[in-house]
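Structure data (CSV, C-alpha atoms) from work-v4.csv:
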chain,number,residue,atom,x,y,z
A,4,MET,CA,-4.6,-29.3,-46.2
A,5,ALA,CA,-3.6,-30.0,-49.7
A,6,GLN,CA,-4.8,-26.5,-50.7
A,7,GLY,CA,-2.6,-25.0,-48.0
A,8,ALA,CA,0.4,-27.0,-49.0
A,9,GLY,CA,-0.1,-26.0,-52.6
A,10,ARG,CA,-0.3,-22.4,-51.6
A,11,THR,CA,3.0,-22.7,-49.6
A,12,VAL,CA,4.7,-24.4,-52.6
A,13,GLY,CA,3.5,-21.6,-54.8
A,14,GLN,CA,4.8,-19.0,-52.5
A,15,VAL,CA,8.2,-20.7,-52.1
A,16,VAL,CA,8.5,-20.9,-55.9
A,17,GLY,CA,7.4,-17.3,-56.2
A,18,VAL,CA,10.0,-16.0,-53.7
A,19,ALA,CA,12.7,-18.2,-55.3
A,20,GLY,CA,11.9,-16.8,-58.7
A,21,LEU,CA,11.9,-13.2,-57.4
A,22,ALA,CA,15.2,-13.8,-55.7
A,23,VAL,CA,16.7,-15.1,-58.9
A,24,ALA,CA,15.3,-12.1,-60.9
A,25,VAL,CA,16.8,-9.7,-58.3
A,26,ALA,CA,20.1,-11.4,-58.4
A,27,LEU,CA,20.2,-11.1,-62.2
A,28,PHE,CA,19.2,-7.4,-61.9
A,29,LEU,CA,22.0,-6.8,-59.4
A,30,SER,CA,24.6,-8.5,-61.5
A,31,VAL,CA,23.9,-5.9,-64.2
A,32,ALA,CA,22.8,-2.8,-62.2
A,33,ALA,CA,24.7,-2.9,-58.9
A,34,VAL,CA,28.0,-1.0,-58.6
A,35,ARG,CA,30.8,-2.6,-56.6
A,36,HIS,CA,32.2,0.0,-54.2
A,37,GLY,CA,34.5,-2.4,-52.4
A,38,PHE,CA,33.2,-1.4,-49.0
A,39,PHE,CA,34.8,2.0,-49.5
A,40,ASP,CA,33.3,3.8,-46.5
A,41,LEU,CA,34.0,0.8,-44.3
A,42,GLN,CA,37.6,0.9,-45.4
A,43,VAL,CA,37.7,4.6,-44.2
A,44,TYR,CA,36.3,3.6,-40.8
A,45,TYR,CA,38.6,0.6,-40.5
A,46,GLY,CA,41.7,2.5,-41.6
A,47,ALA,CA,40.9,5.4,-39.3
A,48,LEU,CA,40.3,3.2,-36.3
A,49,ARG,CA,43.5,1.1,-36.8
A,50,HIS,CA,45.5,4.3,-37.3
A,51,TRP,CA,44.1,5.6,-34.0
A,52,VAL,CA,44.4,2.4,-32.0
A,53,HIS,CA,47.5,0.7,-33.4
A,54,ASP,CA,49.6,3.5,-35.0
A,55,GLY,CA,49.1,6.1,-32.2
A,56,GLY,CA,47.7,8.7,-34.6
A,57,GLU,CA,44.6,10.9,-34.2
A,58,ILE,CA,41.5,9.4,-35.8
A,59,TYR,CA,40.5,12.7,-37.6
A,60,ASP,CA,43.9,13.1,-39.1
A,61,TYR,CA,43.6,9.9,-41.1
A,62,LEU,CA,42.7,10.1,-44.8
A,63,ARG,CA,42.1,7.0,-46.9
A,64,PRO,CA,45.2,6.7,-49.2
A,65,PHE,CA,45.0,8.7,-52.4
A,66,THR,CA,41.6,10.3,-51.4
A,67,GLN,CA,40.3,13.3,-49.3
A,68,TYR,CA,38.0,11.1,-47.3
A,69,GLY,CA,38.4,10.6,-43.5
A,70,PHE,CA,36.4,9.7,-40.5
A,71,THR,CA,33.5,12.3,-40.3
A,72,TYR,CA,31.4,11.0,-37.4
A,73,PRO,CA,31.5,12.2,-33.8
A,74,PRO,CA,33.8,10.6,-31.2
A,75,PHE,CA,30.9,8.5,-29.8
A,76,ALA,CA,30.6,6.8,-33.2
A,77,ALA,CA,34.3,6.0,-33.0
A,78,LEU,CA,33.7,4.4,-29.5
A,79,VAL,CA,30.9,2.3,-30.9
A,80,MET,CA,33.0,1.2,-33.9
A,81,LEU,CA,36.1,0.6,-31.8
A,82,PRO,CA,36.0,-3.2,-31.8
A,83,MET,CA,36.4,-3.1,-35.5
A,84,ALA,CA,40.1,-2.1,-35.0
A,85,TYR,CA,40.8,-5.5,-33.5
A,86,LEU,CA,39.1,-7.5,-36.3
A,87,PRO,CA,40.6,-8.8,-39.5
A,88,TRP,CA,39.3,-7.0,-42.6
A,89,THR,CA,37.2,-9.9,-43.8
A,90,ALA,CA,35.5,-10.2,-40.4
A,91,ALA,CA,34.7,-6.4,-40.4
A,92,ILE,CA,32.9,-6.9,-43.7
A,93,VAL,CA,30.9,-9.8,-42.4
A,94,VAL,CA,29.9,-7.9,-39.3
A,95,SER,CA,28.9,-4.8,-41.3
A,96,VAL,CA,26.7,-6.8,-43.8
A,97,ALA,CA,25.2,-9.0,-41.1
A,98,ALA,CA,24.3,-6.1,-38.9
A,99,SER,CA,22.5,-4.3,-41.8
A,100,VAL,CA,20.7,-7.5,-42.8
A,101,VAL,CA,19.5,-8.3,-39.3
A,102,VAL,CA,18.1,-4.8,-38.5
A,103,THR,CA,16.5,-4.6,-41.9
A,104,VAL,CA,14.6,-7.9,-41.3
A,105,VAL,CA,13.4,-6.7,-37.9
A,106,LEU,CA,12.4,-3.2,-39.2
A,107,PHE,CA,10.5,-4.7,-42.1
A,108,HIS,CA,8.8,-7.1,-39.9
A,109,TRP,CA,7.5,-4.2,-37.8
A,110,LEU,CA,6.3,-2.3,-40.8
A,111,ILE,CA,5.0,-5.1,-43.0
A,112,ASP,CA,3.5,-7.5,-40.5
A,113,PRO,CA,0.4,-5.4,-39.8
A,114,ILE,CA,-0.1,-5.0,-43.6
A,115,SER,CA,0.1,-8.8,-44.2
A,116,ARG,CA,-2.3,-9.6,-41.3
A,117,ARG,CA,-4.9,-7.1,-42.6
A,118,ALA,CA,-4.5,-8.3,-46.2
A,119,GLY,CA,-4.5,-12.0,-45.2
A,120,TRP,CA,-1.1,-12.6,-46.6
A,121,THR,CA,1.3,-15.2,-45.2
A,122,ARG,CA,3.7,-13.3,-43.0
A,123,TRP,CA,6.9,-15.0,-44.1
A,124,PHE,CA,5.9,-14.6,-47.7
A,125,ALA,CA,5.2,-10.8,-47.4
A,126,LEU,CA,8.5,-10.3,-45.5
A,127,ALA,CA,10.5,-12.4,-48.0
A,128,VAL,CA,9.1,-10.4,-51.0
A,129,ALA,CA,9.8,-7.1,-49.3
A,130,LEU,CA,13.4,-8.1,-48.5
A,131,CYS,CA,14.0,-9.2,-52.1
A,132,LEU,CA,12.6,-5.9,-53.4
A,133,ALA,CA,14.8,-4.0,-50.8
A,134,ALA,CA,17.9,-5.8,-52.1
A,135,ALA,CA,17.3,-4.2,-55.6
A,136,TYR,CA,16.7,-0.7,-54.0
A,137,GLU,CA,19.6,1.4,-55.0
A,138,PRO,CA,20.1,3.2,-51.6
A,139,MET,CA,20.0,-0.2,-49.8
A,140,ARG,CA,22.5,-1.9,-52.2
A,141,GLU,CA,24.7,1.2,-51.9
A,142,THR,CA,24.6,1.1,-48.1
A,143,VAL,CA,25.7,-2.5,-48.2
A,144,ASN,CA,28.4,-2.0,-50.9
A,145,PHE,CA,29.8,1.0,-49.2
A,146,GLY,CA,29.7,-0.6,-45.7
A,147,GLN,CA,27.5,2.3,-44.4
A,148,VAL,CA,25.7,2.6,-41.0
A,149,ASN,CA,22.4,4.0,-42.4
A,150,MET,CA,20.2,1.0,-41.6
A,151,LEU,CA,21.5,0.8,-38.0
A,152,LEU,CA,20.6,4.4,-37.4
A,153,LEU,CA,17.2,4.0,-39.0
A,154,PHE,CA,16.7,1.0,-36.7
A,155,LEU,CA,17.6,2.9,-33.5
A,156,VAL,CA,15.1,5.6,-34.4
A,157,ALA,CA,12.4,3.1,-35.3
A,158,VAL,CA,12.8,1.3,-32.0
A,159,ASP,CA,11.7,4.6,-30.4
A,160,LEU,CA,8.9,5.6,-32.8
A,161,LEU,CA,7.4,2.2,-33.6
A,162,ARG,CA,7.9,0.3,-30.3
A,163,LEU,CA,8.6,2.5,-27.2
A,164,LEU,CA,6.7,5.7,-27.9
A,165,PRO,CA,3.3,4.1,-28.8
A,166,GLY,CA,3.6,1.9,-25.7
A,167,GLY,CA,4.3,4.9,-23.4
A,168,SER,CA,7.7,3.6,-22.4
A,169,ARG,CA,9.8,5.9,-20.2
A,170,TRP,CA,12.8,4.8,-22.3
A,171,ALA,CA,11.3,6.4,-25.5
A,172,GLY,CA,13.9,8.7,-26.9
A,173,VAL,CA,17.0,6.7,-26.0
A,174,GLY,CA,17.3,5.2,-29.6
A,175,ILE,CA,17.0,8.7,-31.2
A,176,GLY,CA,19.6,10.1,-28.7
A,177,LEU,CA,22.1,7.3,-29.5
A,178,ALA,CA,21.6,7.7,-33.3
A,179,THR,CA,22.2,11.5,-32.9
A,180,ALA,CA,25.4,10.9,-30.9
A,181,ILE,CA,26.6,8.5,-33.6
A,182,LYS,CA,25.7,10.8,-36.5
A,183,LEU,CA,24.3,14.3,-36.1
A,184,THR,CA,21.6,14.3,-38.8
A,185,PRO,CA,19.1,12.0,-36.9
A,186,GLY,CA,18.9,14.9,-34.4
A,187,ILE,CA,15.9,16.1,-36.5
A,188,PHE,CA,13.9,13.3,-34.8
A,189,ILE,CA,14.4,15.2,-31.5
A,190,VAL,CA,12.9,18.2,-33.3
A,191,TYR,CA,10.0,15.9,-34.4
A,192,LEU,CA,9.4,14.9,-30.8
A,193,LEU,CA,9.3,18.6,-29.8
A,194,VAL,CA,7.0,19.9,-32.5
A,195,THR,CA,4.6,17.1,-31.8
A,196,GLY,CA,4.6,17.7,-28.1
A,197,ARG,CA,6.3,14.5,-26.8
A,198,TRP,CA,8.3,16.5,-24.2
A,199,ARG,CA,9.5,13.6,-22.0
A,200,ALA,CA,10.7,11.6,-25.0
A,201,ALA,CA,12.4,14.7,-26.4
A,202,VAL,CA,14.2,15.4,-23.1
A,203,THR,CA,15.2,11.7,-22.9
A,204,ALA,CA,16.6,11.9,-26.4
A,205,MET,CA,18.6,15.1,-25.7
A,206,GLY,CA,19.8,13.7,-22.4
A,207,THR,CA,21.0,10.5,-24.1
A,208,ALA,CA,22.8,12.3,-26.9
A,209,ALA,CA,24.4,14.7,-24.5
A,210,ALA,CA,25.5,11.9,-22.1
A,211,ALA,CA,26.9,9.8,-24.9
A,212,THR,CA,28.8,12.8,-26.3
A,213,VAL,CA,30.2,13.7,-22.9
A,214,PHE,CA,31.2,10.1,-22.1
A,215,ALA,CA,33.1,9.9,-25.4
A,216,GLY,CA,34.7,13.3,-24.7
A,217,ALA,CA,35.9,12.1,-21.3
A,218,LEU,CA,37.4,9.0,-22.8
A,219,PHE,CA,38.9,10.7,-25.9
A,220,PRO,CA,39.4,14.4,-25.1
A,221,ASP,CA,41.9,15.1,-27.9
A,222,ALA,CA,39.7,13.4,-30.6
A,223,SER,CA,36.6,15.2,-29.2
A,224,ARG,CA,38.3,18.6,-29.3
A,225,GLU,CA,39.5,18.0,-32.9
A,226,PHE,CA,36.1,16.9,-34.1
A,227,TRP,CA,34.0,19.8,-32.5
A,228,THR,CA,36.5,22.5,-33.4
A,229,GLU,CA,37.9,21.4,-36.7
A,230,ALA,CA,36.8,18.1,-38.4
A,231,LEU,CA,33.1,19.0,-38.1
A,232,TRP,CA,33.6,22.2,-40.1
A,233,ASN,CA,35.9,20.8,-42.8
A,234,THR,CA,33.5,20.4,-45.7
A,235,ASN,CA,36.3,19.1,-47.9
A,236,ARG,CA,36.2,15.8,-46.1
A,237,VAL,CA,32.6,15.2,-47.1
A,238,GLY,CA,32.7,15.7,-50.9
A,239,GLU,CA,31.5,18.0,-53.7
A,240,LEU,CA,28.0,19.5,-53.0
A,241,ALA,CA,27.1,19.5,-56.7
A,242,PHE,CA,28.0,15.8,-57.2
A,243,VAL,CA,24.9,14.1,-58.6
A,244,SER,CA,24.8,11.6,-55.7
A,245,ASN,CA,23.9,14.5,-53.4
A,246,GLN,CA,20.1,14.2,-53.6
A,247,SER,CA,19.3,17.0,-51.1
A,248,LEU,CA,17.9,20.5,-51.6
A,249,ARG,CA,21.5,21.7,-51.2
A,250,GLY,CA,22.5,19.5,-54.1
A,251,VAL,CA,19.7,20.9,-56.3
A,252,VAL,CA,20.9,24.5,-55.7
A,253,ALA,CA,24.5,23.6,-56.1
A,254,ARG,CA,23.9,21.9,-59.5
A,255,LEU,CA,22.3,25.1,-60.7
A,256,ASP,CA,25.6,27.0,-60.1
A,257,PRO,CA,28.4,24.7,-58.9
A,258,GLN,CA,30.9,27.6,-58.6
A,259,GLU,CA,28.8,29.8,-56.4
A,260,PRO,CA,25.7,28.0,-55.1
A,261,SER,CA,23.2,30.4,-53.5
A,262,THR,CA,23.0,29.9,-49.8
A,263,VAL,CA,20.0,32.2,-49.6
A,264,ALA,CA,18.0,30.1,-52.1
A,265,TRP,CA,18.9,26.9,-50.2
A,266,LEU,CA,17.8,28.3,-46.9
A,267,ALA,CA,14.5,29.6,-48.4
A,268,LEU,CA,13.8,26.1,-49.7
A,269,VAL,CA,14.8,24.5,-46.3
A,270,VAL,CA,12.4,26.8,-44.4
A,271,ALA,CA,9.5,26.1,-46.7
A,272,THR,CA,10.2,22.4,-46.6
A,273,LEU,CA,10.4,22.4,-42.8
A,274,ALA,CA,7.1,24.3,-42.5
A,275,LEU,CA,5.4,21.6,-44.7
A,276,TRP,CA,7.0,18.9,-42.5
A,277,VAL,CA,5.9,20.4,-39.2
A,278,TRP,CA,2.3,20.7,-40.5
A,279,ARG,CA,2.2,17.1,-41.8
A,280,SER,CA,4.0,15.6,-38.8
A,281,ARG,CA,1.6,17.2,-36.4
A,282,ARG,CA,-1.3,15.7,-38.3
A,283,ALA,CA,0.4,12.3,-38.2
A,284,ALA,CA,1.0,12.6,-34.4
A,285,ALA,CA,-2.5,13.8,-33.7
A,286,ALA,CA,-3.8,10.7,-35.5
A,287,GLY,CA,-1.4,8.5,-33.5
A,288,ASP,CA,0.3,7.4,-36.7
A,289,GLU,CA,3.9,7.1,-35.5
A,290,ALA,CA,5.1,5.1,-38.5
A,291,THR,CA,4.0,8.0,-40.8
A,292,GLY,CA,5.8,10.4,-38.5
A,293,LEU,CA,8.9,8.3,-38.9
A,294,ALA,CA,8.5,8.3,-42.7
A,295,LEU,CA,7.9,12.0,-43.0
A,296,THR,CA,10.8,12.9,-40.8
A,297,GLY,CA,13.1,10.5,-42.6
A,298,ALA,CA,12.1,12.2,-45.9
A,299,VAL,CA,12.6,15.8,-44.6
A,300,MET,CA,16.0,14.8,-43.1
A,301,CYS,CA,17.2,13.7,-46.6
A,302,LEU,CA,15.9,17.0,-48.1
A,303,VAL,CA,17.3,19.5,-45.7
A,304,SER,CA,20.6,17.9,-44.9
A,305,PRO,CA,23.4,19.7,-46.8
A,306,VAL,CA,24.6,16.4,-48.1
A,307,THR,CA,22.4,13.4,-48.8
A,308,TRP,CA,24.2,10.8,-50.7
A,309,VAL,CA,22.1,8.2,-52.6
A,310,HIS,CA,22.8,5.6,-49.9
A,311,HIS,CA,21.2,7.9,-47.3
A,312,LEU,CA,17.9,7.4,-49.0
A,313,VAL,CA,17.2,4.2,-47.2
A,314,TRP,CA,15.4,6.6,-44.9
A,315,LEU,CA,12.7,6.7,-47.6
A,316,LEU,CA,11.9,3.0,-47.1
A,317,PRO,CA,9.3,3.5,-44.4
A,318,ALA,CA,7.4,6.0,-46.6
A,319,LEU,CA,7.4,3.6,-49.6
A,320,ILE,CA,6.1,0.7,-47.4
A,321,LEU,CA,3.4,2.9,-45.9
A,322,LEU,CA,2.4,4.1,-49.4
A,323,VAL,CA,1.7,0.5,-50.3
A,324,ASP,CA,-0.1,0.0,-47.0
A,325,SER,CA,-2.4,2.9,-47.7
A,326,GLY,CA,-3.1,1.7,-51.2
A,327,MET,CA,-3.9,-1.8,-49.9
A,328,ALA,CA,-6.2,-0.4,-47.3
A,329,ALA,CA,-8.3,1.5,-49.9
A,330,PRO,CA,-11.4,-0.2,-51.3
A,331,ALA,CA,-10.6,-2.8,-54.0
A,332,GLY,CA,-10.9,-1.4,-57.5
A,333,SER,CA,-11.1,2.2,-56.2
A,334,ARG,CA,-9.3,5.0,-57.9
A,335,ARG,CA,-7.5,5.8,-54.6
A,336,ARG,CA,-6.0,2.3,-54.4
A,337,ARG,CA,-4.8,2.4,-58.0
A,338,ALA,CA,-3.3,5.9,-57.6
A,339,LEU,CA,-1.4,5.0,-54.4
A,340,LEU,CA,-0.1,1.6,-55.6
A,341,VAL,CA,1.0,3.1,-59.0
A,342,ALA,CA,2.7,6.0,-57.1
A,343,ALA,CA,4.6,3.4,-55.0
A,344,ALA,CA,5.6,1.3,-58.0
A,345,VAL,CA,6.8,4.4,-60.0
A,346,ALA,CA,8.8,5.7,-57.1
A,347,TYR,CA,10.4,2.3,-56.4
A,348,ALA,CA,11.2,1.9,-60.1
A,349,PHE,CA,13.0,5.2,-60.2
A,350,LEU,CA,14.8,4.4,-57.0
A,351,ILE,CA,16.3,1.1,-58.3
A,352,SER,CA,17.2,2.5,-61.7
A,353,ARG,CA,20.3,4.7,-61.1
A,354,ILE,CA,18.6,7.2,-63.3
A,355,VAL,CA,20.4,10.2,-61.7
A,356,TRP,CA,23.7,8.9,-62.9
A,357,VAL,CA,22.8,9.6,-66.5
A,358,TRP,CA,23.6,13.2,-65.7
A,359,GLU,CA,26.7,12.6,-63.6
A,360,ARG,CA,29.0,14.6,-65.9
A,361,ASP,CA,26.5,17.1,-67.3
A,362,PHE,CA,23.4,18.2,-65.4
A,363,THR,CA,22.9,21.5,-67.3
A,364,GLY,CA,19.6,22.4,-69.1
A,365,ILE,CA,16.0,21.6,-68.2
A,366,GLY,CA,16.6,17.8,-68.7
A,367,GLY,CA,19.6,17.9,-66.5
A,368,PHE,CA,17.8,19.8,-63.8
A,369,LEU,CA,14.8,17.5,-63.8
A,370,GLY,CA,16.7,14.2,-64.2
A,371,SER,CA,19.7,14.8,-62.0
A,372,ASN,CA,17.4,15.6,-59.1
A,373,THR,CA,14.9,12.7,-59.6
A,374,TYR,CA,15.3,11.3,-56.1
A,375,VAL,CA,14.8,14.8,-54.6
A,376,TRP,CA,11.5,15.1,-56.4
A,377,ILE,CA,10.4,11.7,-55.0
A,378,SER,CA,11.4,12.7,-51.5
A,379,LEU,CA,9.4,15.9,-51.8
A,380,ALA,CA,6.4,14.0,-53.2
A,381,LEU,CA,6.5,11.6,-50.3
A,382,LEU,CA,6.7,14.4,-47.8
A,383,ALA,CA,3.8,16.3,-49.3
A,384,PHE,CA,1.4,13.4,-50.2
A,385,LEU,CA,2.1,10.3,-48.1
A,386,PRO,CA,-1.3,9.7,-46.5
A,387,VAL,CA,-1.7,9.9,-42.7
A,388,ARG,CA,-3.5,6.7,-41.7
A,389,PRO,CA,-6.5,6.8,-39.4
A,390,PRO,CA,-6.7,4.2,-36.7
A,391,SER,CA,-9.1,2.1,-38.7
A,392,VAL,CA,-6.5,1.7,-41.4
A,393,ARG,CA,-3.6,1.0,-39.0
A,394,ALA,CA,-5.4,-1.7,-37.0
A,395,PRO,CA,-4.7,-5.2,-38.4
A,396,ALA,CA,-7.6,-7.6,-38.9
A,397,GLY,CA,-8.8,-8.9,-35.6
A,398,ARG,CA,-7.9,-5.9,-33.6
A,399,GLY,CA,-10.1,-3.0,-32.7
A,400,ALA,CA,-9.2,0.5,-33.8
A,401,ALA,CA,-8.1,3.0,-31.3
A,402,SER,CA,-11.1,4.6,-29.6
A,403,ARG,CA,-10.4,8.1,-31.0
A,404,PRO,CA,-7.9,9.7,-33.4
A,405,GLY,CA,-5.6,10.7,-30.6
A,406,ASP,CA,-5.3,7.2,-29.1
A,407,VAL,CA,-2.8,4.5,-29.8
A,408,ASP,CA,-3.8,0.9,-29.1
A,409,GLY,CA,-6.7,2.2,-27.2
A,410,ARG,CA,-4.6,4.4,-24.8
A,411,ALA,CA,-4.9,8.1,-24.9
A,412,HIS,CA,-1.8,9.8,-26.3
A,413,SER,CA,-2.0,12.9,-24.2
A,414,GLY,CA,1.4,14.3,-25.2
A,415,VAL,CA,0.3,15.0,-28.8
A,416,VAL,CA,-0.4,18.6,-29.7
A,417,PRO,CA,-4.0,18.7,-31.1
A,418,LEU,CA,-4.5,20.3,-34.5
A,419,ASN,CA,-6.6,23.4,-34.9
Let me see the structure of the file written as structure tokens.
Amino acid sequence: MAQGAGRTVGQVVGVAGLAVAVALFLSVAAVRHGFFDLQVYYGALRHWVHDGGEIYDYLRPFTQYGFTYPPFAALVMLPMAYLPWTAAIVVSVAASVVVTVVLFHWLIDPISRRAGWTRWFALAVALCLAAAYEPMRETVNFGQVNMLLLFLVAVDLLRLLPGGSRWAGVGIGLATAIKLTPGIFIVYLLVTGRWRAAVTAMGTAAAATVFAGALFPDASREFWTEALWNTNRVGELAFVSNQSLRGVVARLDPQEPSTVAWLALVVATLALWVWRSRRAAAAGDEATGLALTGAVMCLVSPVTWVHHLVWLLPALILLVDSGMAAPAGSRRRRALLVAAAVAYAFLISRIVWVWERDFTGIGGFLGSNTYVWISLALLAFLPVRPPSVRAPAGRGAASRPGDVDGRAHSGVVPLN
């Protein structure tokens, strides 16, 4: 009893010390964006609801930035127009925190049980580390919706799909209707042979879009015919915050970036993703499928701002998981844990901003695209976990590689 109490005290002290260290780090490293993106959403919605203007005509004063999401996103955010500004901030931050806690519990709890860690301690350490993670702190400081979208997708891939729920695909469909880029997870369902979930996702996205179109026909018409195609509303492709393949190509020649080179890189990257995703699905490793697809989404999207890289969080957690599952003292364990630590260290460092004004030369090419190289490495080398690795202590592994929780996953396309 005394030993257990001593362990608990030690863990509490450890978490408190880590929280203080992270707070000190953030006081130096974190950039205050004043909830810039949330101000855009808030201003656009109030302009639409209270001033009688069109939501896509609004631009934040003295900027080129306006509301860029589909009309269904405007419908979801509509209550914000009736809140005071301070309340909107509280809701935005609280929503991101809550879904992050739940998502981390899903990803980390199996690791902590297998490793014999105290669950609350493992979760608390992970949340402290996440607070220092640049994309996470940027998401919160901008007032972005990234974690909410990641959560919707994770509900499908981590909870509903492994359990064979007929509702699998609804979360992906809603995320796609809110912001188009999560639509790549529909492609993931298709290339891995989960036809019912893919149809459900497409049907949900279509239904949500049509519903918003019926409620707001003028806004829908403007978005699909004009606002969607107006790239000036998004920002400069060569800006160092754009950590996508398109950003890499644009920084090579900001005046005339090669579309052909970008498309060639996209095709090659998608081919690698399809191969690795099919392997993960065939092994029943839905969490790795989530991680790989999040990484490829960041890579192939024309614009991936640094705050979008919260989609790499599942991959980093699973990299630690695979390292901890390797034999103690083995070279594999050391390699995986070192890789996770190095990737995390770069992703809290703001290193790409060193080349914000000048990304020319070899140093500029390598340094300004650091987060792209990490995304590519995770896509290429994140281990696919066999059932024996995924099963927490006290649970039997799936009966064969294509099974999940002992149930045959017949929709998965087998590998040759």
Quiz item: For the atom pair CA of Gly146 in chain A and CA of Val299 in chain A, what is the interatomic distance in Å to one decimal place?
Solution: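 Answer for the CA of Gly146 in chain A to CA of Val299 in chain A separation: 23.7 Å.
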Quiz item: Within 10 Å of range 251-264 of chain A, counting all atoms listed in the file, which residues qualify if same-chain residues fewer than 2 places away don't, as an MDAnalysis selection string?
Solution: chainID A and resid 239:243 245:249 266:269 302 361:364 367:369 371:372 375
Give me the range 259-336 of chain A side of the contact with range 165-172 of chain A, cut-off 10 Å, one line per residue showing its nearest atom pair and distance in Å at one decimal, counting all atoms listed in the file, sorted by chain and residue number, as CSV.
residue,atom,partner,partner_atom,distance
A:Gly287,CA,A:Pro165,CA,8.0
A:Asp288,CA,A:Pro165,CA,9.1
A:Glu289,CA,A:Pro165,CA,7.4
A:Ala290,CA,A:Pro165,CA,9.9
Exercise. Can you work out the spacing between CA of Thr195 in chain A and CA of Arg281 in chain A in Å, to one decimal?
Key: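 Between CA of Thr195 in chain A and CA of Arg281 in chain A the gap is 5.5 Å.
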Please identify all polymer residues within 12 Å of Phe188 in chain A, counting all atoms listed in the file, omitting same-chain residues fewer than 5 positions from it, and present them as a PDB file with C-alpha atoms, in the frame of the given file.
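That gives us result.pdb:
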ATOM      1  CA  LEU A 152      20.600   4.400 -37.400  1.00  0.00           C
ATOM      2  CA  LEU A 153      17.200   4.000 -39.000  1.00  0.00           C
ATOM      3  CA  LEU A 155      17.600   2.900 -33.500  1.00  0.00           C
ATOM      4  CA  VAL A 156      15.100   5.600 -34.400  1.00  0.00           C
ATOM      5  CA  ALA A 157      12.400   3.100 -35.300  1.00  0.00           C
ATOM      6  CA  ASP A 159      11.700   4.600 -30.400  1.00  0.00           C
ATOM      7  CA  LEU A 160       8.900   5.600 -32.800  1.00  0.00           C
ATOM      8  CA  ALA A 171      11.300   6.400 -25.500  1.00  0.00           C
ATOM      9  CA  GLY A 172      13.900   8.700 -26.900  1.00  0.00           C
ATOM     10  CA  VAL A 173      17.000   6.700 -26.000  1.00  0.00           C
ATOM     11  CA  GLY A 174      17.300   5.200 -29.600  1.00  0.00           C
ATOM     12  CA  ILE A 175      17.000   8.700 -31.200  1.00  0.00           C
ATOM     13  CA  GLY A 176      19.600  10.100 -28.700  1.00  0.00           C
ATOM     14  CA  LEU A 177      22.100   7.300 -29.500  1.00  0.00           C
ATOM     15  CA  ALA A 178      21.600   7.700 -33.300  1.00  0.00           C
ATOM     16  CA  THR A 179      22.200  11.500 -32.900  1.00  0.00           C
ATOM     17  CA  LEU A 183      24.300  14.300 -36.100  1.00  0.00           C
ATOM     18  CA  LEU A 193       9.300  18.600 -29.800  1.00  0.00           C
ATOM     19  CA  VAL A 194       7.000  19.900 -32.500  1.00  0.00           C
ATOM     20  CA  THR A 195       4.600  17.100 -31.800  1.00  0.00           C
ATOM     21  CA  ARG A 197       6.300  14.500 -26.800  1.00  0.00           C
ATOM     22  CA  ALA A 200      10.700  11.600 -25.000  1.00  0.00           C
ATOM     23  CA  ALA A 201      12.400  14.700 -26.400  1.00  0.00           C
ATOM     24  CA  VAL A 202      14.200  15.400 -23.100  1.00  0.00           C
ATOM     25  CA  ALA A 204      16.600  11.900 -26.400  1.00  0.00           C
ATOM     26  CA  MET A 205      18.600  15.100 -25.700  1.00  0.00           C
ATOM     27  CA  ALA A 208      22.800  12.300 -26.900  1.00  0.00           C
ATOM     28  CA  TRP A 276       7.000  18.900 -42.500  1.00  0.00           C
ATOM     29  CA  VAL A 277       5.900  20.400 -39.200  1.00  0.00           C
ATOM     30  CA  SER A 280       4.000  15.600 -38.800  1.00  0.00           C
ATOM     31  CA  GLU A 289       3.900   7.100 -35.500  1.00  0.00           C
ATOM     32  CA  GLY A 292       5.800  10.400 -38.500  1.00  0.00           C
ATOM     33  CA  LEU A 293       8.900   8.300 -38.900  1.00  0.00           C
ATOM     34  CA  ALA A 294       8.500   8.300 -42.700  1.00  0.00           C
ATOM     35  CA  LEU A 295       7.900  12.000 -43.000  1.00  0.00           C
ATOM     36  CA  THR A 296      10.800  12.900 -40.800  1.00  0.00           C
ATOM     37  CA  GLY A 297      13.100  10.500 -42.600  1.00  0.00           C
ATOM     38  CA  ALA A 298      12.100  12.200 -45.900  1.00  0.00           C
ATOM     39  CA  VAL A 299      12.600  15.800 -44.600  1.00  0.00           C
ATOM     40  CA  MET A 300      16.000  14.800 -43.100  1.00  0.00           C
TER      41      MET A 300
END
Quiz item: Do you know which residues are at most 12 Å from Tyr45 in chain A counting all atoms listed in the file, after dropping those on the same chain fewer than 3 positions away, and could you put them as a PyMOL selection string?
Solution: chain A and resi 38-42+48-53+58+61-63+69-70+77+80-92+95+146-147
Quiz item: Pick from A:Met139, A:Leu319, A:Leu106, A:Val100: nearest to Leu29 in chain A, with all atoms listed in the file counted?
Solution: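 So, comparing all the options, the nearest one is A:Met139.
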Quiz item: Please, which residues are within 10 Å of (18.3, -5.3, -51.3) by the file's coordinates, counting only C-alpha atoms, and could they come as a list in words?
Solution: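 It turns out the residues near that spot are Val25, Ala26, Leu29, Val100, Thr103, Ala129, Leu130, Cys131, Leu132, Ala133, Ala134, Ala135, Tyr136, Glu137, Pro138, Met139, Arg140, Glu141, Thr142, Val143 and Ile351 of chain A.
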Quiz item: So which one's closest to Val128 in chain A, A:Gly366, A:Gly20, A:Pro317, A:Gly250? Using all atoms listed in the file, please.
Solution: A:Gly20
Quiz item: What separation in Å, quoted to one decimal, exists between CA of Val323 in chain A and CA of Leu340 in chain A?
Solution: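 CA of Leu340 in chain A lies 5.7 Å from CA of Val323 in chain A.
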Quiz prompt | Counting only C-alpha atoms, the option among A:Trp123, A:Trp278, A:Tyr374, A:Tyr59 closest to Ser352 in chain A | solution =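 Using only C-alpha atoms, Ser352 in chain A sits closest to A:Tyr374.
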